[in-house]
Amino acid sequence: MLEIRNLHAKVDNNEILKGIDLQVNAGEVHAIMGPNGSGKSTLAQVLAGNGNYEVTEGEVTFQGQDLLAMEDPEQRAQAGIFMAFQYPVEIPGVNTQVFLRAALNAVRKSRDEEELDAAQFQALLRQKMKLVEIDPSFRNRSVNEGFSGGEKKRFEIFQMALLEPKLAILDETDSGLDIDALRIVANGVNALKTPENATIVVTHYQRLLDYIVPDYVHVLSKGRIVKSGGKELALELEARGYDWIKELEVPAGAGA
Amino acid sequence: MRTLTKTATDARDRYLDAFRTFEAMQPQNGDGISWLRELRTTASRRFEELGFPTTRDEEWKYTDISPIANLIGSPADAAQVQGLSASDVEPFTLQGLDALRLVFVNGHYAEALSSVGTLPKGVVLSSLAAAIRSDSPVVRSHLAQYASFENHTFVALNTAFFQDGAFLYVPDNTVVETPIQLLFITTSGETATIAHPRNLIVAGANSQVTLVESYVSTGQGTYFNNPVTEVVVNKNATFRHHKVQLESEQAYHIATMQVQQARDCQFASLAVSFGGSIARYDANAVMADQGIECTLNGVYLVAGQQHIDNHTVMDHAQPHCNSHENYAGILDGQARGVFNGKIFVREDAQKTDAKQSNRNLLLSPNAVINTKPQLEIFADDVKCTHGATIGQLDEDAIFYLRARGIDKEEARDMLVHAFASDLLTDIQIEPLRQQLEQELHTRLARNRQIRE
Ligand SMILES: Nc1ncnc2c1ncn2[C@@H]1O[C@H](COP(=O)(O)OP(=O)(O)O)[C@@H](O)[C@H]1O
Ligand SMILES: [Mg+2]
């Protein structure tokens with residue numbers, strides 16, 4: 001589904017990603033872990049098409065298409081990429097329902113599906129709301145405005161539930177959540193899992209992976225994946241911390 | 001005495017000549033309206049002394065009105081009123097509402113287009129000229145008592161030259177359920193017309209009134225509209241006011257609203273300004289007693305070469321009054337905006353709470369805004385907050401929306417719309433709210449096309 005080869009990216013002339021290689025197949029869950037500042041969010045933003053990041057080298061293929069050739073972030077979203085923001089943006093004055101409907105219809109249109117009428121849309125909202133146990137009052141609020149940290153994260157997953165992406169990239173969706181909220185978010189993600197879609201879970205903590213069980217764990221350090229393994233790698237990181245990772249050399253062949 | 005340039009002198013003299021002609025045409029003394037002749041003459045003299053303001057005048061520093069002073073125009077012919085049909089007027093009305101409406105075409109009352117239906121007992125809604133002819137004591141005791149022309153050239157001109165406008169009188173303890181619209185239409189044809197609409201609104205104690213003052217055009221021509229509206233809000237009355245300025249983009253619009261508020265009354269106004277080549281609005285409120293709530297809000301959207309200037313005065317003369325001010329502006333192209341918000345807190349006005357905010361969104365690097373709060377506080381136990389912001393669209397917010405599949409232009413529109421939406425969604429008159437939201441969308445889409 002997703003194939004990243006030797007991806008280099010910079011922001012404000014600082015090279016942050018220094019040769020990332022990653023392959024994600026349909027039906028898989030990948031966890032990307034790593035210390036603060038290692039480039040996890042940068043990778044997520046680059047995949048979502050944030051124009052502040054400049055790709056200087058490498059290739060990304062998404063479902064057989066050249067992802068980097070899709071310059072507009074909306075094109076990527078319409079193609080089925082969804083990135084849950086580590087820091088969702090507050091947008092005063094833009095009503096959540098207006099926003100969700102615009103997003104949903106844009107995505108549906110690109111899939112040659114009919115736009116939903118008001119009643120169908122409301123029915124869909126109600127159905128998805130249950131999934132992430134979101135308070136219906138959010139419908140009268142502005143996008144993320146005044147949401148607590150936990151509400152913002154839940155609202156991200158709610159959007160994901162609504163848009164049904166092929167590839168979801170969850171950037172530290174677990175940070176700042178209490179255990180109940182974490183469980184709700186994880187249940188939502190698990191419920192949305194199908195053999196046709198894939199998830200990349202970016203996290204700093206092993207805790208989330210008790211609820212969303214990854215098929216693969218990758219450790220990112222200084223802009224490179226320095227170690228990959230199964231879910232037991234997450235436990236090892238939990239036990240040993242990140243310091244030993246920083247000492248690791250890039251595995252032979254990677255990033256070349 | 002200040003010195004005026006040759007063109008400024010010419011402009012002034014042209015108006016003074018016009019005044020002599022105008023004065024000669026007015027009804028003669030002896031018919032009970034000599035007070036009006038005196039008023040006009042005094043105003044004309046004051047105009048002669050003041051002349052037209054220049055950018056050297058502090059109050060007009062950023063607004064050059066010389067194109068207005070130099071506009072050669074004539075008072076529109078009353079006969080032109082006949083040219084418009086009900087269907088021409090329909091799009092500007094509060095559609096679907098059984099509203100009360102006075103229509104003025106090029107400054108003249110158009111009875112056939114108006115609709116005063118059945119009014120609650122004692123309510124008078126008529127043309128001001130008619131009220132003057134009938135020697136209304138209310139008009140006599142209130143007209144020109146509030147909007148001072150001492151230091152305002154255009155109020156002086158209006159007072160000297162006004163021919164018509166609306167008169168609304170609502171007796172004590174009377175609720176007018178339906179919104180009242182004062183609709184001023186300029187047909188703006190080949191020749192430039194000049195009109196000085198004059199409105200007098202008196203709301204009695206414990207009354208409730210909702211008013212919409214609309215200035216629109218059926219053409220794209222140049223003309224000059226110089227309305228003055230005086231509003232008297234008596235004790236414990238509730239008054240909702242809306243001013244909608246959708247003049248032609250070649251038009252000049254200089255307007256003044258003067259509000260006089262009595263004890264415990266509530267007055268809230270929203271001024272929407274989308275039109276005009278040069279538009280200036282002075283909204284002034286005097287809180288003359290205790291326990292008053294006053295809101296002056298505004299939304300402006302300008303593009304191209306448009307110039308919009310909003311001046312407000314919140315005059316806290318007495319204690320325990322709250323004033324709220326929220327102006328939001330969107331500027332595109334080479335448009336220029338001015339906001340000046342004066343808050344006076346007089347010596348006696350303890351426990352004043354005054355809030356002012358002016359937010360501006362610049363959509364183009366060539367758009368300019370000059371914004372200035374001006375607080376003059378002579379009491380010590382008061383709360384005054386003010387803030388002015390000038391910003392661009394939030395790029396992070398645009399990316400967030402786009403990352404959900406919404407295309408770039410739609411994302412921008414959503415954010416621009418959001419910028420003004422809190423003020424527009426507050427409008428309680430549903431057809432007006434829809435009309436203005438639609439107008440906002442249409443104009444944003446058009447500006448976008450120009451930009452591309
Ligand atoms: N806009 C920016 N300008 C300069 N440096 C940045 C910018 N954004 C991120 N960085 C730097 O890039 C590195 C990686 O950041 P990030 O991808 O957010 O890391 P992570 O998500 O793994 O904590 C950090 O050193 C950070 O300081
Ligand atoms: Mg991060």
# chains A, B, ... in the order shown; residues from 1 in each chain; ligands from 1

call {"tool": "closest_atom_pairs", "arguments": {"of": "chain A", "to": "ligand 1", "cutoff": "7 Å", "atoms": "only C-alpha atoms and all ligand atoms", "output": "CSV"}}
result
residue,atom,partner,partner_atom_place_in_ligand_line,distance
A:Val11,CA,ligand 1,3 (N),5.4
A:Asp12,CA,ligand 1,3 (N),5.2
A:Asn14,CA,ligand 1,4 (C),6.4
A:Ile16,CA,ligand 1,12 (O),5.3
A:Gly34,CA,ligand 1,22 (O),6.4
A:Pro35,CA,ligand 1,22 (O),6.2
A:Asn36,CA,ligand 1,23 (O),3.7
A:Gly37,CA,ligand 1,19 (O),3.4
A:Ser38,CA,ligand 1,22 (O),3.9
A:Gly39,CA,ligand 1,17 (O),3.2
A:Lys40,CA,ligand 1,22 (O),3.7
A:Ser41,CA,ligand 1,21 (O),3.6
A:Thr42,CA,ligand 1,17 (O),3.6
A:Leu43,CA,ligand 1,17 (O),6.5

call {"tool": "select_by_dssp", "arguments": {"residues": "region 133-199 of chain A", "states": "strand (DSSP E or B)", "output": "list in words"}}
result
Ser142, Val143, Leu167, Ala168, Ile169, Leu170, Asp171, Ala198 and Thr199 of chain A

call {"tool": "interface_residues", "arguments": {"of": "chain A", "to": "chain B", "cutoff": "9 Å", "atoms": "only C-alpha atoms", "output": "ChimeraX atom specification"}}
result
/A:48-51,72-79,81-83,85,88-95,99-100,102-107,159,163

call {"tool": "atom_distance", "arguments": {"atom1": "CA of Leu208 (chain A)", "atom2": "CA of Gly229 (chain A)"}}
result
16.8 Å

call {"tool": "atom_distance", "arguments": {"atom1": "CA of Gln261 (chain B)", "atom2": "CA of Asn234 (chain B)"}}
result
6.2 Å

call {"tool": "select_by_dssp", "arguments": {"residues": "region 54-141 of chain B", "states": "helix (DSSP H, G or I)", "output": "PyMOL selection string"}}
result
chain B and resi 58-60+66-69+78-83+86-92+111-113+128-133+137-141

call {"tool": "residues_around", "arguments": {"residues": "Ile201 (chain B)", "least_positions_apart": "6", "cutoff": "9 Å", "atoms": "only C-alpha atoms", "output": "VMD selection string"}}
result
chain B and resid 166 to 170 229 to 233

call {"tool": "residues_around", "arguments": {"residues": "Arg14 (chain B)", "least_positions_apart": "5", "cutoff": "9 Å", "atoms": "only C-alpha atoms", "output": "ChimeraX atom specification"}}
result
/B:9,19,72

call {"tool": "residues_around", "arguments": {"residues": "Phe121 (chain A)", "least_positions_apart": "4", "cutoff": "12 Å", "atoms": "only C-alpha atoms", "output": "NGL selection string"}}
result
:A and (97-98 or 100-105 or 114-117 or 125-129 or 162)

call {"tool": "write_last_selection", "arguments": {"atoms": "all heavy atoms", "output": "CSV table (one decimal), in the first residue's frame"}}
result
chain,number,residue,atom,x,y,z
A,97,GLN,N,-19.8,20.8,12.1
A,97,GLN,CA,-20.6,20.1,11.1
A,97,GLN,C,-20.4,20.6,9.7
A,97,GLN,O,-20.3,19.8,8.8
A,97,GLN,CB,-22.1,20.3,11.4
A,97,GLN,CG,-22.5,19.5,12.7
A,97,GLN,CD,-24.0,19.5,12.8
A,97,GLN,OE1,-24.7,18.7,12.2
A,97,GLN,NE2,-24.5,20.5,13.6
A,98,VAL,N,-20.2,21.9,9.6
A,98,VAL,CA,-19.9,22.4,8.2
A,98,VAL,C,-18.6,21.9,7.7
A,98,VAL,O,-18.5,21.5,6.6
A,98,VAL,CB,-19.9,24.0,8.3
A,98,VAL,CG1,-19.4,24.6,7.0
A,98,VAL,CG2,-21.2,24.6,8.7
A,100,LEU,N,-17.1,19.0,8.7
A,100,LEU,CA,-17.1,17.6,8.5
A,100,LEU,C,-17.9,17.3,7.2
A,100,LEU,O,-17.4,16.4,6.4
A,100,LEU,CB,-17.8,16.9,9.7
A,100,LEU,CG,-17.0,16.9,11.0
A,100,LEU,CD1,-17.9,16.3,12.1
A,100,LEU,CD2,-15.7,16.1,10.9
A,101,ARG,N,-18.9,18.0,6.9
A,101,ARG,CA,-19.7,17.8,5.7
A,101,ARG,C,-18.9,18.1,4.5
A,101,ARG,O,-18.9,17.4,3.5
A,101,ARG,CB,-21.0,18.6,5.8
A,101,ARG,CG,-22.0,18.0,4.9
A,101,ARG,CD,-23.4,18.4,5.2
A,101,ARG,NE,-24.2,18.0,4.1
A,101,ARG,CZ,-25.4,18.6,3.8
A,101,ARG,NH1,-25.8,19.5,4.6
A,101,ARG,NH2,-26.1,18.1,2.8
A,102,ALA,N,-18.2,19.3,4.6
A,102,ALA,CA,-17.3,19.7,3.4
A,102,ALA,C,-16.3,18.6,3.2
A,102,ALA,O,-16.0,18.2,2.0
A,102,ALA,CB,-16.7,21.0,3.7
A,103,ALA,N,-15.6,18.1,4.3
A,103,ALA,CA,-14.6,17.1,4.1
A,103,ALA,C,-15.1,15.8,3.5
A,103,ALA,O,-14.6,15.3,2.6
A,103,ALA,CB,-13.9,16.9,5.5
A,104,LEU,N,-16.2,15.4,4.1
A,104,LEU,CA,-16.8,14.1,3.7
A,104,LEU,C,-17.2,14.2,2.2
A,104,LEU,O,-17.0,13.3,1.4
A,104,LEU,CB,-18.0,13.8,4.6
A,104,LEU,CG,-18.7,12.4,4.3
A,104,LEU,CD1,-17.7,11.3,4.6
A,104,LEU,CD2,-19.9,12.2,5.1
A,105,ASN,N,-17.9,15.3,1.9
A,105,ASN,CA,-18.3,15.4,0.5
A,105,ASN,C,-17.2,15.5,-0.5
A,105,ASN,O,-17.3,15.0,-1.6
A,105,ASN,CB,-19.3,16.6,0.3
A,105,ASN,CG,-20.7,16.2,0.8
A,105,ASN,OD1,-21.1,15.0,0.8
A,105,ASN,ND2,-21.5,17.1,1.3
A,114,GLU,N,-22.0,9.7,-4.3
A,114,GLU,CA,-23.0,10.8,-4.2
A,114,GLU,C,-22.7,11.7,-3.0
A,114,GLU,O,-22.2,11.1,-1.9
A,114,GLU,CB,-24.4,10.3,-4.1
A,114,GLU,CG,-24.9,9.5,-5.3
A,114,GLU,CD,-25.7,10.5,-6.2
A,114,GLU,OE1,-26.7,11.0,-5.7
A,114,GLU,OE2,-25.3,10.6,-7.3
A,115,GLU,N,-22.9,12.9,-3.0
A,115,GLU,CA,-22.9,13.7,-1.8
A,115,GLU,C,-24.0,13.3,-0.9
A,115,GLU,O,-25.1,12.9,-1.4
A,115,GLU,CB,-23.0,15.2,-2.1
A,115,GLU,CG,-21.8,15.8,-2.8
A,115,GLU,CD,-21.7,17.3,-2.8
A,115,GLU,OE1,-22.6,17.9,-2.3
A,115,GLU,OE2,-20.7,17.8,-3.4
A,116,LEU,N,-23.8,13.4,0.4
A,116,LEU,CA,-24.9,13.0,1.3
A,116,LEU,C,-25.8,14.2,1.6
A,116,LEU,O,-25.4,15.3,1.7
A,116,LEU,CB,-24.3,12.6,2.7
A,116,LEU,CG,-23.5,11.3,2.7
A,116,LEU,CD1,-23.1,10.9,4.1
A,116,LEU,CD2,-24.2,10.2,2.0
A,117,ASP,N,-27.1,13.9,1.7
A,117,ASP,CA,-28.0,15.0,2.0
A,117,ASP,C,-28.0,15.2,3.5
A,117,ASP,O,-27.4,14.4,4.3
A,117,ASP,CB,-29.4,14.8,1.5
A,117,ASP,CG,-30.1,13.6,2.1
A,117,ASP,OD1,-29.8,13.3,3.3
A,117,ASP,OD2,-31.0,13.0,1.5
A,125,LEU,N,-23.3,10.8,11.1
A,125,LEU,CA,-22.6,11.4,12.3
A,125,LEU,C,-23.0,10.6,13.6
A,125,LEU,O,-22.1,10.3,14.4
A,125,LEU,CB,-23.1,12.9,12.5
A,125,LEU,CG,-22.4,14.0,11.7
A,125,LEU,CD1,-22.8,15.3,12.3
A,125,LEU,CD2,-20.9,13.8,11.7
A,126,ARG,N,-24.3,10.4,13.7
A,126,ARG,CA,-24.7,9.7,15.0
A,126,ARG,C,-24.1,8.3,15.1
A,126,ARG,O,-23.6,7.9,16.2
A,126,ARG,CB,-26.3,9.5,14.9
A,126,ARG,CG,-27.0,10.7,15.5
A,126,ARG,CD,-28.5,10.4,15.8
A,126,ARG,NE,-29.2,10.0,14.6
A,126,ARG,CZ,-29.7,10.9,13.7
A,126,ARG,NH1,-29.6,12.2,13.9
A,126,ARG,NH2,-30.3,10.5,12.6
A,127,GLN,N,-24.0,7.6,14.0
A,127,GLN,CA,-23.4,6.3,14.0
A,127,GLN,C,-21.9,6.4,14.4
A,127,GLN,O,-21.5,5.6,15.2
A,127,GLN,CB,-23.6,5.7,12.6
A,127,GLN,CG,-23.0,4.3,12.4
A,127,GLN,CD,-22.8,4.0,10.9
A,127,GLN,OE1,-23.4,4.6,10.1
A,127,GLN,NE2,-21.8,3.1,10.7
A,128,LYS,N,-21.2,7.3,13.8
A,128,LYS,CA,-19.8,7.4,14.1
A,128,LYS,C,-19.5,8.0,15.5
A,128,LYS,O,-18.4,7.7,16.1
A,128,LYS,CB,-19.1,8.2,13.0
A,128,LYS,CG,-19.3,7.7,11.6
A,128,LYS,CD,-18.5,6.4,11.4
A,128,LYS,CE,-18.7,6.0,9.9
A,128,LYS,NZ,-18.0,4.7,9.6
A,129,MET,N,-20.4,8.8,15.9
A,129,MET,CA,-20.2,9.4,17.2
A,129,MET,C,-20.2,8.4,18.3
A,129,MET,O,-19.4,8.5,19.3
A,129,MET,CB,-21.4,10.3,17.5
A,129,MET,CG,-21.0,11.8,17.6
A,129,MET,SD,-22.4,12.9,17.1
A,129,MET,CE,-23.8,12.3,17.9
A,162,LEU,N,-15.2,8.9,10.0
A,162,LEU,CA,-16.2,9.4,9.0
A,162,LEU,C,-15.6,9.3,7.6
A,162,LEU,O,-16.3,9.0,6.7
A,162,LEU,CB,-16.4,10.9,9.4
A,162,LEU,CG,-17.7,11.6,8.9
A,162,LEU,CD1,-18.9,10.9,9.5
A,162,LEU,CD2,-17.6,13.0,9.4

call {"tool": "atom_distance", "arguments": {"atom1": "CA of Leu2 (chain A)", "atom2": "CA of Asn25 (chain A)"}}
result
6.6 Å

call {"tool": "residues_around", "arguments": {"residues": "region 330-347 of chain B", "least_positions_apart": "6", "cutoff": "8 Å", "atoms": "only C-alpha atoms", "output": "PyMOL selection string"}}
result
chain B and resi 62-63+300-318+354+356+358+360-379+416+447+451

call {"tool": "residues_around", "arguments": {"residues": "Ser269 (chain B)", "least_positions_apart": "6", "cutoff": "9 Å", "atoms": "only C-alpha atoms", "output": "JSON, numbers by chain"}}
result
{"B": [239, 240, 241, 242, 243, 294, 295, 296, 297, 298]}

call {"tool": "closest_residue", "arguments": {"among": "A:Tyr242, A:Tyr53, A:Tyr87, A:Phe62", "to": "ligand 2", "atoms": "only C-alpha atoms and all ligand atoms"}}
result
A:Tyr87
